[in-house]
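Student: Input file: protein36.cif. Contents: mmCIF, N, CA and C atoms and all ligand atoms.
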```cif
data_data
loop_
_atom_site.label_atom_id
_atom_site.label_comp_id
_atom_site.auth_asym_id
_atom_site.auth_seq_id
_atom_site.Cartn_x
_atom_site.Cartn_y
_atom_site.Cartn_z
N MET A 1483 8.39 -6.12 -10.12
CA MET A 1483 8.87 -6.18 -8.74
C MET A 1483 8.32 -5.01 -7.92
N PHE A 1484 7.94 -5.31 -6.71
CA PHE A 1484 7.46 -4.26 -5.82
C PHE A 1484 8.59 -3.83 -4.91
N PRO A 1485 8.57 -2.58 -4.49
CA PRO A 1485 9.54 -2.14 -3.47
C PRO A 1485 9.31 -2.97 -2.21
N ASP A 1486 10.36 -3.16 -1.40
CA ASP A 1486 10.16 -3.99 -0.21
C ASP A 1486 9.85 -3.16 1.03
N LYS A 1487 9.68 -1.88 0.84
CA LYS A 1487 9.31 -1.04 1.97
C LYS A 1487 8.21 -0.07 1.58
N CYS A 1488 7.51 0.36 2.59
CA CYS A 1488 6.48 1.38 2.44
C CYS A 1488 7.07 2.61 1.75
N SER A 1489 6.31 3.26 0.88
CA SER A 1489 6.81 4.39 0.09
C SER A 1489 6.90 5.70 0.86
N ILE A 1490 6.37 5.72 2.06
CA ILE A 1490 6.26 6.99 2.77
C ILE A 1490 7.55 7.38 3.51
N THR A 1491 7.87 8.64 3.42
CA THR A 1491 8.96 9.20 4.22
C THR A 1491 8.35 10.21 5.18
N GLU A 1492 8.60 10.00 6.45
CA GLU A 1492 7.99 10.85 7.46
C GLU A 1492 9.08 11.61 8.20
N ARG A 1493 8.97 12.92 8.22
CA ARG A 1493 9.98 13.77 8.86
C ARG A 1493 11.38 13.40 8.43
N GLY A 1494 11.57 13.16 7.14
CA GLY A 1494 12.89 12.87 6.60
C GLY A 1494 13.33 11.43 6.75
N LYS A 1495 12.54 10.63 7.48
CA LYS A 1495 12.93 9.23 7.66
C LYS A 1495 11.99 8.31 6.89
N PRO A 1496 12.58 7.47 6.04
CA PRO A 1496 11.71 6.54 5.31
C PRO A 1496 11.06 5.55 6.26
N CYS A 1497 9.82 5.23 6.00
CA CYS A 1497 9.11 4.23 6.79
C CYS A 1497 9.76 2.87 6.55
N ILE A 1498 9.98 2.14 7.62
CA ILE A 1498 10.65 0.84 7.48
C ILE A 1498 9.66 -0.33 7.52
N ASN A 1499 8.38 -0.02 7.60
CA ASN A 1499 7.40 -1.09 7.63
C ASN A 1499 7.34 -1.81 6.29
N PRO A 1500 7.08 -3.11 6.32
CA PRO A 1500 6.90 -3.80 5.05
C PRO A 1500 5.62 -3.30 4.38
N PRO A 1501 5.62 -3.23 3.07
CA PRO A 1501 4.43 -2.74 2.38
C PRO A 1501 3.28 -3.74 2.51
N GLU A 1502 2.11 -3.25 2.71
CA GLU A 1502 0.95 -4.14 2.85
C GLU A 1502 -0.08 -3.92 1.76
N PHE A 1503 0.00 -2.78 1.11
CA PHE A 1503 -0.97 -2.48 0.05
C PHE A 1503 -0.26 -1.89 -1.16
N VAL A 1504 -0.73 -2.29 -2.33
CA VAL A 1504 -0.31 -1.63 -3.55
C VAL A 1504 -1.27 -0.49 -3.78
N VAL A 1505 -0.71 0.68 -4.02
CA VAL A 1505 -1.55 1.86 -4.24
C VAL A 1505 -1.64 2.10 -5.73
N SER A 1506 -2.84 2.22 -6.22
CA SER A 1506 -3.01 2.45 -7.64
C SER A 1506 -4.04 3.54 -7.90
N VAL A 1507 -3.93 4.12 -9.07
CA VAL A 1507 -4.92 5.10 -9.51
C VAL A 1507 -5.54 4.54 -10.79
N THR A 1508 -6.84 4.45 -10.80
CA THR A 1508 -7.53 3.89 -11.95
C THR A 1508 -8.19 4.98 -12.76
N VAL A 1509 -7.77 5.04 -14.02
CA VAL A 1509 -8.41 5.93 -14.98
C VAL A 1509 -8.86 4.99 -16.10
N ASP A 1510 -10.13 4.68 -16.10
CA ASP A 1510 -10.64 3.65 -17.02
C ASP A 1510 -10.12 3.84 -18.42
N PRO A 1511 -9.62 2.78 -19.05
CA PRO A 1511 -9.53 1.40 -18.53
C PRO A 1511 -8.17 1.08 -17.91
N ASP A 1512 -7.37 2.06 -17.65
CA ASP A 1512 -6.00 1.80 -17.18
C ASP A 1512 -5.86 1.95 -15.68
N GLU A 1513 -4.95 1.12 -15.12
CA GLU A 1513 -4.66 1.23 -13.71
C GLU A 1513 -3.17 1.53 -13.56
N TYR A 1514 -2.85 2.59 -12.87
CA TYR A 1514 -1.46 2.98 -12.67
C TYR A 1514 -1.05 2.66 -11.24
N MET A 1515 0.05 1.89 -11.10
CA MET A 1515 0.55 1.64 -9.77
C MET A 1515 1.42 2.83 -9.37
N VAL A 1516 1.11 3.44 -8.26
CA VAL A 1516 1.87 4.63 -7.87
C VAL A 1516 2.77 4.40 -6.67
N GLY A 1517 2.61 3.28 -5.98
CA GLY A 1517 3.49 3.02 -4.85
C GLY A 1517 2.95 1.90 -3.98
N VAL A 1518 3.62 1.71 -2.86
CA VAL A 1518 3.15 0.73 -1.89
C VAL A 1518 3.11 1.41 -0.53
N THR A 1519 2.29 0.90 0.34
CA THR A 1519 2.20 1.50 1.66
C THR A 1519 1.90 0.45 2.73
N CYS A 1520 2.26 0.77 3.95
CA CYS A 1520 1.87 -0.06 5.07
C CYS A 1520 0.49 0.39 5.53
N GLN A 1521 -0.10 -0.39 6.39
CA GLN A 1521 -1.43 -0.09 6.92
C GLN A 1521 -1.49 1.30 7.54
N LYS A 1522 -0.46 1.61 8.31
CA LYS A 1522 -0.41 2.85 9.07
C LYS A 1522 -0.46 4.09 8.17
N HIS A 1523 0.09 3.97 6.98
CA HIS A 1523 0.24 5.15 6.13
C HIS A 1523 -0.76 5.24 4.99
N LYS A 1524 -1.78 4.39 5.02
CA LYS A 1524 -2.77 4.43 3.94
C LYS A 1524 -3.37 5.82 3.74
N GLN A 1525 -3.75 6.43 4.86
CA GLN A 1525 -4.38 7.75 4.78
C GLN A 1525 -3.40 8.79 4.26
N VAL A 1526 -2.14 8.67 4.73
CA VAL A 1526 -1.10 9.62 4.31
C VAL A 1526 -0.88 9.53 2.80
N VAL A 1527 -0.78 8.28 2.33
CA VAL A 1527 -0.56 8.05 0.90
C VAL A 1527 -1.73 8.62 0.09
N SER A 1528 -2.91 8.34 0.58
CA SER A 1528 -4.11 8.81 -0.10
C SER A 1528 -4.09 10.35 -0.23
N GLY A 1529 -3.72 11.01 0.87
CA GLY A 1529 -3.65 12.47 0.85
C GLY A 1529 -2.59 12.98 -0.10
N LYS A 1530 -1.41 12.30 -0.10
CA LYS A 1530 -0.32 12.72 -0.98
C LYS A 1530 -0.71 12.59 -2.45
N ILE A 1531 -1.39 11.49 -2.75
CA ILE A 1531 -1.81 11.28 -4.13
C ILE A 1531 -2.77 12.37 -4.57
N GLN A 1532 -3.67 12.73 -3.69
CA GLN A 1532 -4.62 13.79 -4.05
C GLN A 1532 -3.91 15.11 -4.33
N ILE A 1533 -2.86 15.37 -3.57
CA ILE A 1533 -2.07 16.59 -3.81
C ILE A 1533 -1.38 16.50 -5.18
N LEU A 1534 -0.76 15.34 -5.45
CA LEU A 1534 -0.08 15.14 -6.73
C LEU A 1534 -1.06 15.20 -7.90
N GLN A 1535 -2.26 14.68 -7.67
CA GLN A 1535 -3.28 14.75 -8.72
C GLN A 1535 -3.65 16.21 -8.98
N GLY A 1536 -3.73 16.98 -7.90
CA GLY A 1536 -4.04 18.40 -8.02
C GLY A 1536 -2.99 19.14 -8.83
N ASP A 1537 -1.71 18.69 -8.66
CA ASP A 1537 -0.61 19.29 -9.41
C ASP A 1537 -0.48 18.74 -10.82
N GLY A 1538 -1.28 17.73 -11.13
CA GLY A 1538 -1.21 17.12 -12.45
C GLY A 1538 -0.06 16.14 -12.61
N LYS A 1539 0.56 15.72 -11.50
CA LYS A 1539 1.70 14.81 -11.58
C LYS A 1539 1.26 13.34 -11.65
N ILE A 1540 0.06 13.09 -11.21
CA ILE A 1540 -0.53 11.75 -11.28
C ILE A 1540 -1.89 11.93 -11.94
N PRO A 1541 -2.25 10.99 -12.84
CA PRO A 1541 -3.56 11.13 -13.50
C PRO A 1541 -4.69 11.18 -12.48
N SER A 1542 -5.66 12.01 -12.70
CA SER A 1542 -6.80 12.08 -11.80
C SER A 1542 -7.68 10.87 -12.03
N GLY A 1543 -7.83 10.09 -11.00
CA GLY A 1543 -8.66 8.89 -11.10
C GLY A 1543 -8.93 8.38 -9.72
N LYS A 1544 -9.51 7.19 -9.68
CA LYS A 1544 -9.90 6.62 -8.41
C LYS A 1544 -8.69 5.98 -7.73
N ILE A 1545 -8.45 6.35 -6.47
CA ILE A 1545 -7.34 5.78 -5.72
C ILE A 1545 -7.79 4.46 -5.11
N GLY A 1546 -6.95 3.43 -5.32
CA GLY A 1546 -7.32 2.12 -4.79
C GLY A 1546 -6.17 1.47 -4.04
N PHE A 1547 -6.52 0.62 -3.09
CA PHE A 1547 -5.52 -0.13 -2.32
C PHE A 1547 -5.79 -1.62 -2.49
N SER A 1548 -4.78 -2.35 -2.97
CA SER A 1548 -4.94 -3.80 -3.06
C SER A 1548 -3.99 -4.46 -2.10
N PRO A 1549 -4.48 -5.37 -1.26
CA PRO A 1549 -3.59 -6.03 -0.29
C PRO A 1549 -2.48 -6.78 -1.01
N LEU A 1550 -1.24 -6.54 -0.55
CA LEU A 1550 -0.08 -7.19 -1.15
C LEU A 1550 0.01 -8.66 -0.75
N LYS A 1551 -0.59 -9.03 0.37
CA LYS A 1551 -0.42 -10.37 0.90
C LYS A 1551 -1.37 -11.37 0.30
N ALA A 1552 -2.22 -10.92 -0.57
CA ALA A 1552 -3.25 -11.80 -1.13
C ALA A 1552 -2.65 -13.11 -1.63
N VAL A 1553 -1.52 -13.02 -2.33
CA VAL A 1553 -0.90 -14.22 -2.88
C VAL A 1553 -0.34 -15.10 -1.77
N GLY A 1554 0.38 -14.48 -0.85
CA GLY A 1554 1.03 -15.23 0.21
C GLY A 1554 0.09 -15.91 1.18
N THR A 1555 -1.12 -15.40 1.31
CA THR A 1555 -2.03 -15.99 2.28
C THR A 1555 -2.93 -17.05 1.66
N ASP A 1556 -2.78 -17.27 0.37
CA ASP A 1556 -3.61 -18.26 -0.30
C ASP A 1556 -3.48 -19.65 0.30
N CYS A 1557 -2.27 -19.98 0.76
CA CYS A 1557 -2.02 -21.33 1.21
C CYS A 1557 -2.42 -21.52 2.67
N ILE A 1558 -2.84 -20.48 3.32
CA ILE A 1558 -3.26 -20.60 4.71
C ILE A 1558 -4.76 -20.85 4.76
N HIS A 1559 -5.14 -21.97 5.40
CA HIS A 1559 -6.57 -22.26 5.50
C HIS A 1559 -7.11 -21.44 6.64
N GLY A 1560 -6.85 -20.20 6.57
CA GLY A 1560 -7.02 -19.38 7.76
C GLY A 1560 -8.38 -18.79 7.93
N ASP A 1561 -8.61 -18.48 9.14
CA ASP A 1561 -9.73 -17.62 9.45
C ASP A 1561 -9.13 -16.27 9.82
N GLU A 1562 -9.94 -15.41 10.28
CA GLU A 1562 -9.53 -14.06 10.64
C GLU A 1562 -8.35 -14.06 11.60
N GLU A 1563 -8.38 -14.98 12.54
CA GLU A 1563 -7.37 -15.02 13.59
C GLU A 1563 -5.97 -15.28 13.04
N ASP A 1564 -5.87 -16.23 12.15
CA ASP A 1564 -4.59 -16.54 11.53
C ASP A 1564 -4.03 -15.32 10.82
N PHE A 1565 -4.90 -14.63 10.17
CA PHE A 1565 -4.49 -13.48 9.39
C PHE A 1565 -3.90 -12.41 10.30
N ILE A 1566 -4.51 -12.22 11.45
CA ILE A 1566 -4.03 -11.21 12.38
C ILE A 1566 -2.66 -11.60 12.94
N GLN A 1567 -2.50 -12.88 13.26
CA GLN A 1567 -1.21 -13.34 13.77
C GLN A 1567 -0.10 -13.13 12.74
N LEU A 1568 -0.44 -13.38 11.50
CA LEU A 1568 0.52 -13.20 10.43
C LEU A 1568 0.95 -11.73 10.35
N ASP A 1569 -0.01 -10.85 10.48
CA ASP A 1569 0.25 -9.42 10.45
C ASP A 1569 1.25 -9.03 11.54
N ILE A 1570 1.03 -9.54 12.73
CA ILE A 1570 1.88 -9.17 13.85
C ILE A 1570 3.30 -9.67 13.63
N LYS A 1571 3.42 -10.88 13.14
CA LYS A 1571 4.73 -11.45 12.87
C LYS A 1571 5.50 -10.58 11.87
N ASN A 1572 4.82 -10.21 10.81
CA ASN A 1572 5.48 -9.40 9.79
C ASN A 1572 5.87 -8.03 10.34
N PHE A 1573 5.06 -7.53 11.21
CA PHE A 1573 5.30 -6.21 11.75
C PHE A 1573 6.60 -6.21 12.55
N LYS A 1574 6.86 -7.29 13.28
CA LYS A 1574 8.07 -7.35 14.09
C LYS A 1574 9.34 -7.45 13.26
N ASN A 1575 9.21 -7.97 12.07
CA ASN A 1575 10.38 -8.04 11.18
C ASN A 1575 10.79 -6.64 10.82
ZN ZN B 1601 4.57 3.25 6.23
#
```
Please express the file's structure as structure tokens.

Tutor:
Amino acid sequence: MFPDKCSITERGKPCINPPEFVVSVTVDPDEYMVGVTCQKHKQVVSGKIQILQGDGKIPSGKIGFSPLKAVGTDCIHGDEEDFIQLDIKNFKN
């Protein structure tokens, strides 16, 4: 099960955006899921992971982002436009 919210807490307030990416660290051959993030916080998450890696709290490896919606969008015969509309809808929730 994935968390239903972005993992980032900003200025003491947890981000309420729905997660859009699974954040993982790959140390061949293993992939560790370290959290989820919304689009807005990808850079923040990336920076935090690098700090944690520096502290040895997360294995040093390649940071990767996998879109969480990949499964849900399979049934949409969509082009780029549909995908963007879907994003906006989710954002308003
Ligand atoms: Zn966020």

Student: Any chance you could tabulate, as CSV, the residues of chain A at most 7 Å from ligand ZN 1601 (chain B) with each one's nearest atom pair and distance in Å to one decimal, using only N, CA and C atoms and all ligand atoms, in chain and rising number order?

Tutor:
```
residue,atom,partner,partner_atom,distance
A:Lys1487,C,B:ZN1601,ZN,6.8
A:Cys1488,CA,B:ZN1601,ZN,4.6
A:Ser1489,N,B:ZN1601,ZN,5.6
A:Ile1490,N,B:ZN1601,ZN,5.2
A:Thr1491,N,B:ZN1601,ZN,6.9
A:Pro1496,C,B:ZN1601,ZN,6.9
A:Cys1497,CA,B:ZN1601,ZN,4.7
A:Ile1498,N,B:ZN1601,ZN,5.7
A:Asn1499,N,B:ZN1601,ZN,5.2
A:Pro1500,N,B:ZN1601,ZN,6.8
A:Thr1519,C,B:ZN1601,ZN,5.2
A:Cys1520,N,B:ZN1601,ZN,4.1
A:Gln1521,N,B:ZN1601,ZN,5.9
A:Lys1522,C,B:ZN1601,ZN,5.5
A:His1523,N,B:ZN1601,ZN,4.6
A:Lys1524,N,B:ZN1601,ZN,6.6
```

Student: Just give me the gap between atom CA of Phe1484 of chain A and atom C of Gly1536 of chain A in Å, one decimal is fine.

Tutor: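 These two atoms are separated by 25.8 Å.
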
Student: Per DSSP on the backbone, what are the alpha helix (DSSP H) residues of segment 1495-1529 of chain A, as number ranges by chain?

Tutor: A: 1524-1529

Student: Measuring atom to atom with only C-alpha atoms, identify which of A:Pro1549, A:Pro1485, A:Ser1542, A:Asp1537 is nearest to Asp1512 of chain A.

Tutor: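 Of A:Pro1549, A:Pro1485, A:Ser1542, A:Asp1537, the one nearest Asp1512 of chain A, counting only C-alpha atoms, is A:Ser1542.
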
Student: Record the distance separating atom CA of Leu1550 of chain A and atom N of Tyr1514 of chain A, expressed in Å with one decimal.

Tutor: 15.5 Å

Student: By how many Å are atom C of Lys1539 of chain A and atom C of Val1505 of chain A apart?

Tutor: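 Going from atom C of Lys1539 of chain A over to atom C of Val1505 of chain A, I get 13.0 Å.
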
Student: Check the smallest atom-to-atom distance from each of A:Gly1543, A:Ser1528, A:Lys1495, A:Ser1548 to Thr1508 of chain A using only C-alpha atoms, then report the winner.

Tutor: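 Closest to Thr1508 of chain A of all the choices is A:Gly1543.
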